[in-house]
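The file final-v5.pdb comes next; it holds PDB, C-alpha atoms and all ligand atoms.
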ATOM      1  CA  MET A  61       7.307   5.554  19.123
ATOM      2  CA  SER A  62       8.021   4.034  22.570
ATOM      3  CA  GLU A  63      10.496   1.161  23.003
ATOM      4  CA  GLU A  64       7.657  -1.000  24.374
ATOM      5  CA  ILE A  65       5.523  -0.535  21.232
ATOM      6  CA  LYS A  66       8.563  -1.178  19.008
ATOM      7  CA  LYS A  67       9.177  -4.473  20.854
ATOM      8  CA  GLN A  68       5.510  -5.477  20.470
ATOM      9  CA  ARG A  69       5.637  -4.725  16.759
ATOM     10  CA  ALA A  70       8.795  -6.782  16.318
ATOM     11  CA  LYS A  71       7.166  -9.678  18.170
ATOM     12  CA  HIS A  72       3.978  -9.572  16.108
ATOM     13  CA  HIS A  73       5.605  -8.826  12.779
ATOM     14  CA  PRO A  74       2.899  -9.592  10.256
ATOM     15  CA  ARG A  75       3.182 -12.534   7.948
ATOM     16  CA  LEU A  76       2.726 -11.148   4.469
ATOM     17  CA  LEU A  77       1.252 -13.155   1.632
ATOM     18  CA  THR A  78       1.634 -12.559  -2.087
ATOM     19  CA  ALA A  79      -1.785 -11.695  -3.512
ATOM     20  CA  SER A  80      -3.414 -14.389  -5.612
ATOM     21  CA  SER A  81      -6.750 -14.636  -7.392
ATOM     22  CA  ALA A  82      -8.274 -16.166  -4.223
ATOM     23  CA  ASP A  83      -7.699 -12.854  -2.400
ATOM     24  CA  LEU A  84      -9.336 -10.521  -4.920
ATOM     25  CA  GLU A  85     -12.841 -10.389  -3.415
ATOM     26  CA  GLY A  86     -11.467  -9.853   0.118
ATOM     27  CA  THR A  87      -9.136  -7.117  -1.130
ATOM     28  CA  ALA A  88     -12.010  -5.400  -2.969
ATOM     29  CA  VAL A  89     -13.962  -5.351   0.333
ATOM     30  CA  LEU A  90     -11.005  -3.573   2.000
ATOM     31  CA  GLU A  91     -10.753  -1.138  -0.958
ATOM     32  CA  LYS A  92     -14.454  -0.213  -0.526
ATOM     33  CA  LEU A  93     -13.912   0.368   3.176
ATOM     34  CA  CYS A  94     -10.933   2.695   2.596
ATOM     35  CA  PHE A  95     -11.578   4.638  -0.645
ATOM     36  CA  HIS A  96     -14.399   6.614  -2.299
ATOM     37  CA  GLN A  97     -13.408   5.254  -5.683
ATOM     38  CA  PRO A  98     -12.294   1.715  -4.890
ATOM     39  CA  TRP A  99     -10.620  -0.719  -7.261
ATOM     40  CA  SER A 100     -12.925  -3.606  -8.132
ATOM     41  CA  ALA A 101     -11.935  -7.265  -7.787
ATOM     42  CA  SER A 102     -11.500  -7.484 -11.570
ATOM     43  CA  SER A 103      -9.169  -4.436 -11.688
ATOM     44  CA  LEU A 104      -7.187  -5.829  -8.765
ATOM     45  CA  GLU A 105      -6.523  -8.952 -10.830
ATOM     46  CA  LEU A 106      -3.700  -7.018 -12.586
ATOM     47  CA  LEU A 107      -1.759  -7.277  -9.317
ATOM     48  CA  THR A 108      -1.695 -11.062  -9.543
ATOM     49  CA  LYS A 109      -0.270 -11.247 -13.066
ATOM     50  CA  GLU A 110       3.422 -12.036 -13.163
ATOM     51  CA  GLY A 111       5.458  -9.358 -14.926
ATOM     52  CA  ILE A 112       2.552  -6.867 -14.758
ATOM     53  CA  GLY A 113       1.928  -6.342 -11.095
ATOM     54  CA  VAL A 114       2.370  -7.622  -7.598
ATOM     55  CA  GLY A 115       0.407  -7.374  -4.377
ATOM     56  CA  TYR A 116       1.116  -8.177  -0.756
ATOM     57  CA  LEU A 117      -1.473  -8.619   1.934
ATOM     58  CA  CYS A 118      -2.196  -9.636   5.506
ATOM     59  CA  THR A 119      -5.241 -11.682   6.431
ATOM     60  CA  GLN A 120      -7.013 -12.660   9.595
ATOM     61  CA  ALA A 121      -9.459 -15.524  10.183
ATOM     62  CA  SER A 122     -12.991 -14.190  10.305
ATOM     63  CA  ALA A 123     -15.551 -16.086  12.412
ATOM     64  CA  GLY A 124     -18.269 -17.671  10.286
ATOM     65  CA  ALA A 125     -16.793 -16.464   6.984
ATOM     66  CA  GLU A 126     -15.473 -18.870   4.386
ATOM     67  CA  ASN A 127     -12.477 -16.701   3.482
ATOM     68  CA  PRO A 128     -10.171 -14.837   5.869
ATOM     69  CA  MET A 129     -10.559 -11.063   6.114
ATOM     70  CA  VAL A 130      -7.911  -8.987   4.303
ATOM     71  CA  THR A 131      -6.638  -6.580   6.976
ATOM     72  CA  ALA A 132      -4.035  -4.799   4.835
ATOM     73  CA  TYR A 133      -2.816  -4.818   1.264
ATOM     74  CA  GLY A 134      -0.618  -2.942  -1.164
ATOM     75  CA  GLY A 135      -0.153  -3.218  -4.899
ATOM     76  CA  MET A 136       2.394  -2.169  -7.498
ATOM     77  CA  LEU A 137       2.241  -2.222 -11.293
ATOM     78  CA  ILE A 138       5.494  -2.780 -13.169
ATOM     79  CA  ALA A 139       6.417  -1.371 -16.588
ATOM     80  CA  VAL A 140       9.950  -1.836 -17.934
ATOM     81  CA  ASP A 141      12.140  -0.698 -14.996
ATOM     82  CA  GLU A 142       9.519   1.366 -13.144
ATOM     83  CA  GLY A 143       7.180   0.347 -10.387
ATOM     84  CA  GLN A 144       4.023   2.290  -9.640
ATOM     85  CA  ILE A 145       2.372   1.789  -6.278
ATOM     86  CA  THR A 146      -1.356   1.673  -6.973
ATOM     87  CA  ASN A 147      -2.655   1.719  -3.398
ATOM     88  CA  ILE A 148      -1.841   0.777   0.154
ATOM     89  CA  ALA A 149      -4.755   0.198   2.507
ATOM     90  CA  VAL A 150      -4.977  -0.958   6.089
ATOM     91  CA  HIS A 151      -8.300  -1.829   7.735
ATOM     92  CA  PRO A 152      -9.240   1.058  10.095
ATOM     93  CA  GLU A 153      -9.174  -1.268  13.125
ATOM     94  CA  HIS A 154      -5.651  -2.463  12.287
ATOM     95  CA  ARG A 155      -3.905   0.857  11.637
ATOM     96  CA  GLY A 156      -0.919   2.038  13.647
ATOM     97  CA  GLN A 157       0.425  -1.508  14.088
ATOM     98  CA  GLY A 158       3.124  -1.485  11.428
ATOM     99  CA  LEU A 159       1.130  -3.250   8.698
ATOM    100  CA  GLY A 160       1.329  -0.368   6.209
ATOM    101  CA  LEU A 161       5.073  -0.099   6.738
ATOM    102  CA  ALA A 162       5.583  -3.864   6.338
ATOM    103  CA  ILE A 163       3.665  -3.824   3.052
ATOM    104  CA  VAL A 164       5.555  -0.863   1.565
ATOM    105  CA  GLN A 165       8.837  -2.486   2.583
ATOM    106  CA  ALA A 166       7.771  -5.733   0.878
ATOM    107  CA  LEU A 167       6.974  -3.825  -2.340
ATOM    108  CA  ILE A 168      10.383  -2.098  -2.220
ATOM    109  CA  LYS A 169      12.131  -5.442  -1.638
ATOM    110  CA  HIS A 170      10.266  -6.881  -4.621
ATOM    111  CA  ALA A 171      11.247  -3.887  -6.787
ATOM    112  CA  LYS A 172      14.914  -4.292  -5.841
ATOM    113  CA  ALA A 173      14.801  -8.020  -6.626
ATOM    114  CA  GLU A 174      13.353  -7.126 -10.053
ATOM    115  CA  HIS A 175      16.144  -4.534 -10.566
ATOM    116  CA  LEU A 176      13.668  -1.677 -11.020
ATOM    117  CA  ALA A 177      15.184   1.824 -11.238
ATOM    118  CA  THR A 178      12.368   3.752  -9.545
ATOM    119  CA  ILE A 179       9.070   3.412  -7.741
ATOM    120  CA  THR A 180       6.548   6.231  -8.103
ATOM    121  CA  LEU A 181       3.126   6.886  -6.622
ATOM    122  CA  GLU A 182       0.435   9.519  -6.299
ATOM    123  CA  VAL A 183      -1.113  10.519  -3.008
ATOM    124  CA  ARG A 184      -3.668  13.159  -1.969
ATOM    125  CA  VAL A 185      -1.834  16.240  -0.656
ATOM    126  CA  SER A 186      -3.952  16.081   2.542
ATOM    127  CA  ASN A 187      -3.131  12.411   3.273
ATOM    128  CA  THR A 188      -0.639  13.040   6.072
ATOM    129  CA  PRO A 189      -0.437   9.416   7.341
ATOM    130  CA  ALA A 190       0.364   8.031   3.880
ATOM    131  CA  ILE A 191       2.826  10.835   2.990
ATOM    132  CA  SER A 192       4.600  10.280   6.301
ATOM    133  CA  LEU A 193       4.764   6.526   5.656
ATOM    134  CA  TYR A 194       6.243   7.020   2.174
ATOM    135  CA  ARG A 195       8.781   9.602   3.416
ATOM    136  CA  LYS A 196       9.804   7.202   6.165
ATOM    137  CA  VAL A 197      10.928   4.602   3.610
ATOM    138  CA  GLY A 198      12.752   7.154   1.434
ATOM    139  CA  PHE A 199      10.220   8.498  -1.073
ATOM    140  CA  ALA A 200      10.705  12.160  -2.054
ATOM    141  CA  GLU A 201       8.180  14.593  -3.537
ATOM    142  CA  VAL A 202       8.937  15.225  -7.218
ATOM    143  CA  GLY A 203       5.810  16.978  -8.466
ATOM    144  CA  ARG A 204       2.070  17.620  -8.297
ATOM    145  CA  ARG A 205      -0.901  16.782 -10.489
ATOM    146  CA  LYS A 206      -3.475  19.579 -10.213
ATOM    147  CA  GLY A 207      -7.017  18.427  -9.440
ATOM    148  CA  PHE A 208      -6.054  14.785  -9.995
ATOM    149  CA  TYR A 209      -8.527  13.448  -7.443
ATOM    150  CA  THR A 210     -12.286  13.930  -7.299
ATOM    151  CA  LYS A 211     -14.816  13.558  -4.457
ATOM    152  CA  PRO A 212     -13.338  15.817  -3.111
ATOM    153  CA  THR A 213     -11.253  17.485  -5.807
ATOM    154  CA  GLU A 214      -7.659  17.630  -4.667
ATOM    155  CA  ASP A 215      -4.125  17.743  -6.046
ATOM    156  CA  ALA A 216      -1.962  14.643  -6.090
ATOM    157  CA  LEU A 217       1.557  14.721  -4.793
ATOM    158  CA  ILE A 218       3.872  12.642  -6.985
ATOM    159  CA  MET A 219       6.452  10.803  -4.917
ATOM    160  CA  GLU A 220       9.436   8.804  -6.121
ATOM    161  CA  LEU A 221      11.950   6.390  -4.662
ATOM    162  CA  LYS A 222      15.136   5.965  -6.686
ATOM    163  CA  LEU A 223      16.592   2.476  -6.436
ATOM    164  CA  LYS A 224      19.576   2.973  -8.761
TER     165      LYS A 224
HETATM  166  C1  LIG B 301      -1.639   5.247   5.297
HETATM  167  C2  LIG B 301      -1.865   3.867   5.930
HETATM  168  C3  LIG B 301      -1.708   2.799   4.854
HETATM  169  C4  LIG B 301      -0.821   3.642   7.045
HETATM  170  O1  LIG B 301      -0.913   2.295   7.493
HETATM  171  P1  LIG B 301      -0.602   1.878   9.017
HETATM  172  O2  LIG B 301      -0.534   0.402   9.063
HETATM  173  O3  LIG B 301      -1.575   2.535   9.919
HETATM  174  O4  LIG B 301       0.840   2.536   9.218
HETATM  175  P2  LIG B 301       2.010   1.967  10.159
HETATM  176  O5  LIG B 301       1.447   1.589  11.483
HETATM  177  O6  LIG B 301       2.756   0.914   9.420
HETATM  178  O7  LIG B 301       2.917   3.265  10.346
HETATM  179  C5  LIG B 301       4.094   3.479   9.561
HETATM  180  C6  LIG B 301       4.354   4.952   9.423
HETATM  181  O8  LIG B 301       3.278   5.579   8.706
HETATM  182  C7  LIG B 301       3.083   6.913   9.209
HETATM  183  N1  LIG B 301       1.752   7.015   9.842
HETATM  184  C8  LIG B 301       0.867   6.011  10.041
HETATM  185  N2  LIG B 301      -0.253   6.505  10.608
HETATM  186  C9  LIG B 301      -0.068   7.829  10.762
HETATM  187  C10 LIG B 301      -0.870   8.892  11.276
HETATM  188  N3  LIG B 301      -2.113   8.678  11.729
HETATM  189  N4  LIG B 301      -0.371  10.146  11.250
HETATM  190  C11 LIG B 301       0.862  10.398  10.765
HETATM  191  N5  LIG B 301       1.693   9.431  10.266
HETATM  192  C12 LIG B 301       1.219   8.164  10.276
HETATM  193  C13 LIG B 301       4.187   7.134  10.232
HETATM  194  O9  LIG B 301       5.313   7.624   9.548
HETATM  195  C14 LIG B 301       4.451   5.718  10.722
HETATM  196  O10 LIG B 301       5.729   5.571  11.277
HETATM  197  P3  LIG B 301       5.923   5.766  12.900
HETATM  198  O11 LIG B 301       5.005   4.788  13.542
HETATM  199  O12 LIG B 301       7.360   5.463  13.120
HETATM  200  O13 LIG B 301       5.531   7.173  13.186
HETATM  201  C15 LIG B 301      -3.278   3.774   6.591
HETATM  202  O14 LIG B 301      -3.476   4.899   7.410
HETATM  203  C16 LIG B 301      -4.446   3.676   5.608
HETATM  204  O15 LIG B 301      -4.835   2.582   5.186
HETATM  205  N6  LIG B 301      -5.045   4.825   5.244
HETATM  206  C17 LIG B 301      -6.211   4.849   4.360
HETATM  207  C18 LIG B 301      -5.868   4.431   2.947
HETATM  208  C19 LIG B 301      -4.844   5.379   2.318
HETATM  209  O16 LIG B 301      -4.961   6.588   2.412
HETATM  210  N7  LIG B 301      -3.847   4.783   1.638
HETATM  211  C20 LIG B 301      -2.803   5.514   0.932
HETATM  212  C21 LIG B 301      -3.218   5.789  -0.476
HETATM  213  S1  LIG B 301      -1.917   6.558  -1.420
END

Turn the structure described in the file into structure tokens.
Ligand SMILES: CC(C)(COP(=O)(O)OP(=O)(O)OC[C@H]1O[C@@H](n2cnc3c(N)ncnc32)[C@H](O)[C@@H]1OP(=O)(O)O)[C@@H](O)C(=O)NCCC(=O)NCCS
Amino acid sequence: MSEEIKKQRAKHHPRLLTASSADLEGTAVLEKLCFHQPWSASSLELLTKEGIGVGYLCTQASAGAENPMVTAYGGMLIAVDEGQITNIAVHPEHRGQGLGLAIVQALIKHAKAEHLATITLEVRVSNTPAISLYRKVGFAEVGRRKGFYTKPTEDALIMELKLK
């Protein structure tokens, strides 16, 4: 990445919000835009329940709409000392601007503050942008789940970040 783009990113570092119930519908719209099998607003509610999950998002005012548009979000479920990233999604028109990275970093910071031992996730083996993003922040490949995804059928790569 060029120095100029790095400077621009630093200048416009996104302000991340913690997901709350008011953001669920907007986040479900982004899910539908990004995934064949999107999480619904009611499933996403898990990410707003303290001790169960956490979500971070970026929003942008949307002309004429009552609620701002969710431009990026990421969620993580927490069980004992393990975090599991459920999804990261950035609106197609806002990709390549550092939003995905900022969200993953916020989830990692949260996991460290909660003294979690590991964060794991699954990702389609063909999803080069996401795999590259996760590698960039230290995730390593630890396994595969055969035929985990449908439409189209594809293996999942299991990735893990050790925090302890
Ligand atoms: C994967 C995704 C979240 C990345 O978000 P983003 O905001 O565009 O990513 P960023 O601008 O923060 O880039 C951070 C890093 O991600 C990787 N990356 C992002 N886009 C990439 C691309 N098109 N090709 C390869 N690597 C890419 C790079 O490592 C990049 O670091 P670099 O800029 O130093 O090279 C986004 O492409 C997306 O929403 N994809 C569809 C949904 C999805 O597949 N989510 C993951 C489910 S597990």

When the cut-off is 7 Å and you count all atoms listed in the file, which residues lie near ligand LIG 301 (chain B), shown as a list of chain:residue names?
A:Met61, A:Cys94, A:Phe95, A:Asn147, A:Ile148, A:Ala149, A:Val150, A:His151, A:Pro152, A:His154, A:Arg155, A:Gly156, A:Gln157, A:Gly158, A:Leu159, A:Gly160, A:Leu161, A:Ala162, A:Glu182, A:Val183, A:Arg184, A:Asn187, A:Thr188, A:Pro189, A:Ala190, A:Ser192, A:Leu193, A:Lys196

Selected residue, from A:Lys172, A:Arg195, A:Arg204, A:Arg75, that lies nearest to Ala132 in chain A when counting all atoms listed in the file:
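Answer, going by the shortest atom-to-atom distance: A:Arg75.
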
Identify all residues satisfying the PyMOL selection byres (((chain A and resi 115) around 6) and not hetatm) in the given file; provide them as a list in words.
Thr78, Ala79, Leu107, Val114, Tyr116, Gly134 and Gly135 of chain A

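Computed from the coordinates, the CA of Gly113 in chain A to CA of Ala177 in chain A distance equals 15.6 Å.
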
Expand the PyMOL selection byres (((chain A and resi 128) around 12) and not hetatm) into the explicit residue set it covers here, and present it as a PyMOL selection string.
chain A and resi 82-87+89-90+117-127+129-132

Please measure the separation of CA of Ala171 in chain A and CA of Leu77 in chain A, giving the value in Å to one decimal.
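One can read the CA of Ala171 in chain A to CA of Leu77 in chain A distance as 16.0 Å.
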
In Å and to one decimal, CA of Tyr209 in chain A is distant from CA of Thr108 in chain A by 25.5 Å

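Against the coordinates shown, the PyMOL selection byres (((chain A and resi 222) around 10) and not hetatm) returns Glu142, Leu176, Ala177, Thr178, Ile179, Thr180, Gly198, Phe199, Ala200, Glu220, Leu221, Leu223 and Lys224 of chain A.
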
Would you compute an axis-aligned box for range 205-219 of chain A, covering every atom listed for it in the file with 5 Å of margin on each side, and report centre and edge lengths in Å to one decimal as JSON?
{"center_x": -4.2, "center_y": 15.2, "center_z": -6.8, "size_x": 31.3, "size_y": 18.8, "size_z": 17.4}

Which residue gives the smallest distance to Ile163 in chain A among A:Leu106, A:Met219, A:Leu93, A:Ile145, with all atoms listed in the file counted?
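Checking each candidate against Ile163 in chain A, we get A:Ile145 as the closest.
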
At a cut-off of 9 Å from (-1.7, 16.6, -12.2) in the coordinates of the file, what residues are picked up using only C-alpha atoms, written as a PyMOL selection string?
chain A and resi 203-209+215-218

Is it possible to add all heavy atoms to range 169-180 of chain A and hand it back as a PDB file, in the frame of the given file?
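For reference, out.pdb as written:
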ATOM      1  N   LYS A 169      11.254  -4.267  -1.530  1.00  0.00           N
ATOM      2  CA  LYS A 169      12.131  -5.442  -1.638  1.00  0.00           C
ATOM      3  C   LYS A 169      11.891  -6.150  -2.985  1.00  0.00           C
ATOM      4  O   LYS A 169      12.827  -6.542  -3.678  1.00  0.00           O
ATOM      5  CB  LYS A 169      11.816  -6.391  -0.473  1.00  0.00           C
ATOM      6  CG  LYS A 169      12.818  -7.476  -0.271  1.00  0.00           C
ATOM      7  CD  LYS A 169      12.513  -8.246   1.000  1.00  0.00           C
ATOM      8  CE  LYS A 169      13.376  -9.502   1.035  1.00  0.00           C
ATOM      9  NZ  LYS A 169      12.960 -10.440   2.060  1.00  0.00           N
ATOM     10  N   HIS A 170      10.614  -6.256  -3.347  1.00  0.00           N
ATOM     11  CA  HIS A 170      10.266  -6.881  -4.621  1.00  0.00           C
ATOM     12  C   HIS A 170      10.867  -6.079  -5.789  1.00  0.00           C
ATOM     13  O   HIS A 170      11.441  -6.641  -6.713  1.00  0.00           O
ATOM     14  CB  HIS A 170       8.744  -6.960  -4.757  1.00  0.00           C
ATOM     15  CG  HIS A 170       8.287  -7.654  -5.995  1.00  0.00           C
ATOM     16  ND1 HIS A 170       7.994  -9.003  -6.036  1.00  0.00           N
ATOM     17  CD2 HIS A 170       8.104  -7.202  -7.257  1.00  0.00           C
ATOM     18  CE1 HIS A 170       7.656  -9.331  -7.266  1.00  0.00           C
ATOM     19  NE2 HIS A 170       7.704  -8.261  -8.021  1.00  0.00           N
ATOM     20  N   ALA A 171      10.732  -4.753  -5.709  1.00  0.00           N
ATOM     21  CA  ALA A 171      11.247  -3.887  -6.787  1.00  0.00           C
ATOM     22  C   ALA A 171      12.767  -4.043  -6.925  1.00  0.00           C
ATOM     23  O   ALA A 171      13.292  -4.080  -8.047  1.00  0.00           O
ATOM     24  CB  ALA A 171      10.884  -2.434  -6.491  1.00  0.00           C
ATOM     25  N   LYS A 172      13.451  -4.133  -5.792  1.00  0.00           N
ATOM     26  CA  LYS A 172      14.914  -4.292  -5.841  1.00  0.00           C
ATOM     27  C   LYS A 172      15.274  -5.644  -6.455  1.00  0.00           C
ATOM     28  O   LYS A 172      16.195  -5.742  -7.271  1.00  0.00           O
ATOM     29  CB  LYS A 172      15.503  -4.187  -4.432  1.00  0.00           C
ATOM     30  CG  LYS A 172      15.534  -2.763  -3.900  1.00  0.00           C
ATOM     31  CD  LYS A 172      16.130  -2.711  -2.514  1.00  0.00           C
ATOM     32  CE  LYS A 172      16.246  -1.260  -2.039  1.00  0.00           C
ATOM     33  NZ  LYS A 172      16.528  -1.177  -0.607  1.00  0.00           N
ATOM     34  N   ALA A 173      14.532  -6.679  -6.085  1.00  0.00           N
ATOM     35  CA  ALA A 173      14.801  -8.020  -6.626  1.00  0.00           C
ATOM     36  C   ALA A 173      14.571  -8.049  -8.138  1.00  0.00           C
ATOM     37  O   ALA A 173      15.226  -8.803  -8.862  1.00  0.00           O
ATOM     38  CB  ALA A 173      13.916  -9.042  -5.933  1.00  0.00           C
ATOM     39  N   GLU A 174      13.654  -7.195  -8.613  1.00  0.00           N
ATOM     40  CA  GLU A 174      13.353  -7.126 -10.053  1.00  0.00           C
ATOM     41  C   GLU A 174      14.241  -6.111 -10.766  1.00  0.00           C
ATOM     42  O   GLU A 174      14.041  -5.822 -11.940  1.00  0.00           O
ATOM     43  CB  GLU A 174      11.878  -6.739 -10.263  1.00  0.00           C
ATOM     44  CG  GLU A 174      10.879  -7.759  -9.758  1.00  0.00           C
ATOM     45  CD  GLU A 174      10.819  -9.009 -10.623  1.00  0.00           C
ATOM     46  OE1 GLU A 174      10.854  -8.861 -11.857  1.00  0.00           O
ATOM     47  OE2 GLU A 174      10.759 -10.119 -10.065  1.00  0.00           O
ATOM     48  N   HIS A 175      15.195  -5.528 -10.030  1.00  0.00           N
ATOM     49  CA  HIS A 175      16.144  -4.534 -10.566  1.00  0.00           C
ATOM     50  C   HIS A 175      15.446  -3.310 -11.154  1.00  0.00           C
ATOM     51  O   HIS A 175      15.883  -2.757 -12.169  1.00  0.00           O
ATOM     52  CB  HIS A 175      17.069  -5.172 -11.623  1.00  0.00           C
ATOM     53  CG  HIS A 175      17.737  -6.407 -11.115  1.00  0.00           C
ATOM     54  ND1 HIS A 175      18.723  -6.371 -10.151  1.00  0.00           N
ATOM     55  CD2 HIS A 175      17.534  -7.707 -11.400  1.00  0.00           C
ATOM     56  CE1 HIS A 175      19.099  -7.605  -9.858  1.00  0.00           C
ATOM     57  NE2 HIS A 175      18.396  -8.454 -10.600  1.00  0.00           N
ATOM     58  N   LEU A 176      14.344  -2.891 -10.544  1.00  0.00           N
ATOM     59  CA  LEU A 176      13.668  -1.677 -11.020  1.00  0.00           C
ATOM     60  C   LEU A 176      14.510  -0.457 -10.660  1.00  0.00           C
ATOM     61  O   LEU A 176      15.245  -0.466  -9.664  1.00  0.00           O
ATOM     62  CB  LEU A 176      12.272  -1.549 -10.398  1.00  0.00           C
ATOM     63  CG  LEU A 176      11.309  -2.716 -10.629  1.00  0.00           C
ATOM     64  CD1 LEU A 176       9.917  -2.364 -10.117  1.00  0.00           C
ATOM     65  CD2 LEU A 176      11.245  -3.112 -12.095  1.00  0.00           C
ATOM     66  N   ALA A 177      14.394   0.605 -11.479  1.00  0.00           N
ATOM     67  CA  ALA A 177      15.184   1.824 -11.238  1.00  0.00           C
ATOM     68  C   ALA A 177      14.464   2.777 -10.285  1.00  0.00           C
ATOM     69  O   ALA A 177      15.098   3.478  -9.501  1.00  0.00           O
ATOM     70  CB  ALA A 177      15.463   2.526 -12.562  1.00  0.00           C
ATOM     71  N   THR A 178      13.137   2.819 -10.388  1.00  0.00           N
ATOM     72  CA  THR A 178      12.368   3.752  -9.545  1.00  0.00           C
ATOM     73  C   THR A 178      11.018   3.151  -9.162  1.00  0.00           C
ATOM     74  O   THR A 178      10.506   2.260  -9.855  1.00  0.00           O
ATOM     75  CB  THR A 178      12.034   5.081 -10.279  1.00  0.00           C
ATOM     76  OG1 THR A 178      11.341   4.759 -11.489  1.00  0.00           O
ATOM     77  CG2 THR A 178      13.234   5.917 -10.570  1.00  0.00           C
ATOM     78  N   ILE A 179      10.479   3.676  -8.076  1.00  0.00           N
ATOM     79  CA  ILE A 179       9.070   3.412  -7.741  1.00  0.00           C
ATOM     80  C   ILE A 179       8.416   4.783  -7.604  1.00  0.00           C
ATOM     81  O   ILE A 179       8.957   5.675  -6.942  1.00  0.00           O
ATOM     82  CB  ILE A 179       8.906   2.662  -6.404  1.00  0.00           C
ATOM     83  CG1 ILE A 179       9.718   1.370  -6.384  1.00  0.00           C
ATOM     84  CG2 ILE A 179       7.431   2.351  -6.146  1.00  0.00           C
ATOM     85  CD1 ILE A 179       9.644   0.623  -5.047  1.00  0.00           C
ATOM     86  N   THR A 180       7.269   4.962  -8.241  1.00  0.00           N
ATOM     87  CA  THR A 180       6.548   6.231  -8.103  1.00  0.00           C
ATOM     88  C   THR A 180       5.151   5.957  -7.549  1.00  0.00           C
ATOM     89  O   THR A 180       4.672   4.814  -7.569  1.00  0.00           O
ATOM     90  CB  THR A 180       6.403   6.978  -9.446  1.00  0.00           C
ATOM     91  OG1 THR A 180       5.716   6.123 -10.352  1.00  0.00           O
ATOM     92  CG2 THR A 180       7.728   7.383 -10.025  1.00  0.00           C
TER      93      THR A 180
END
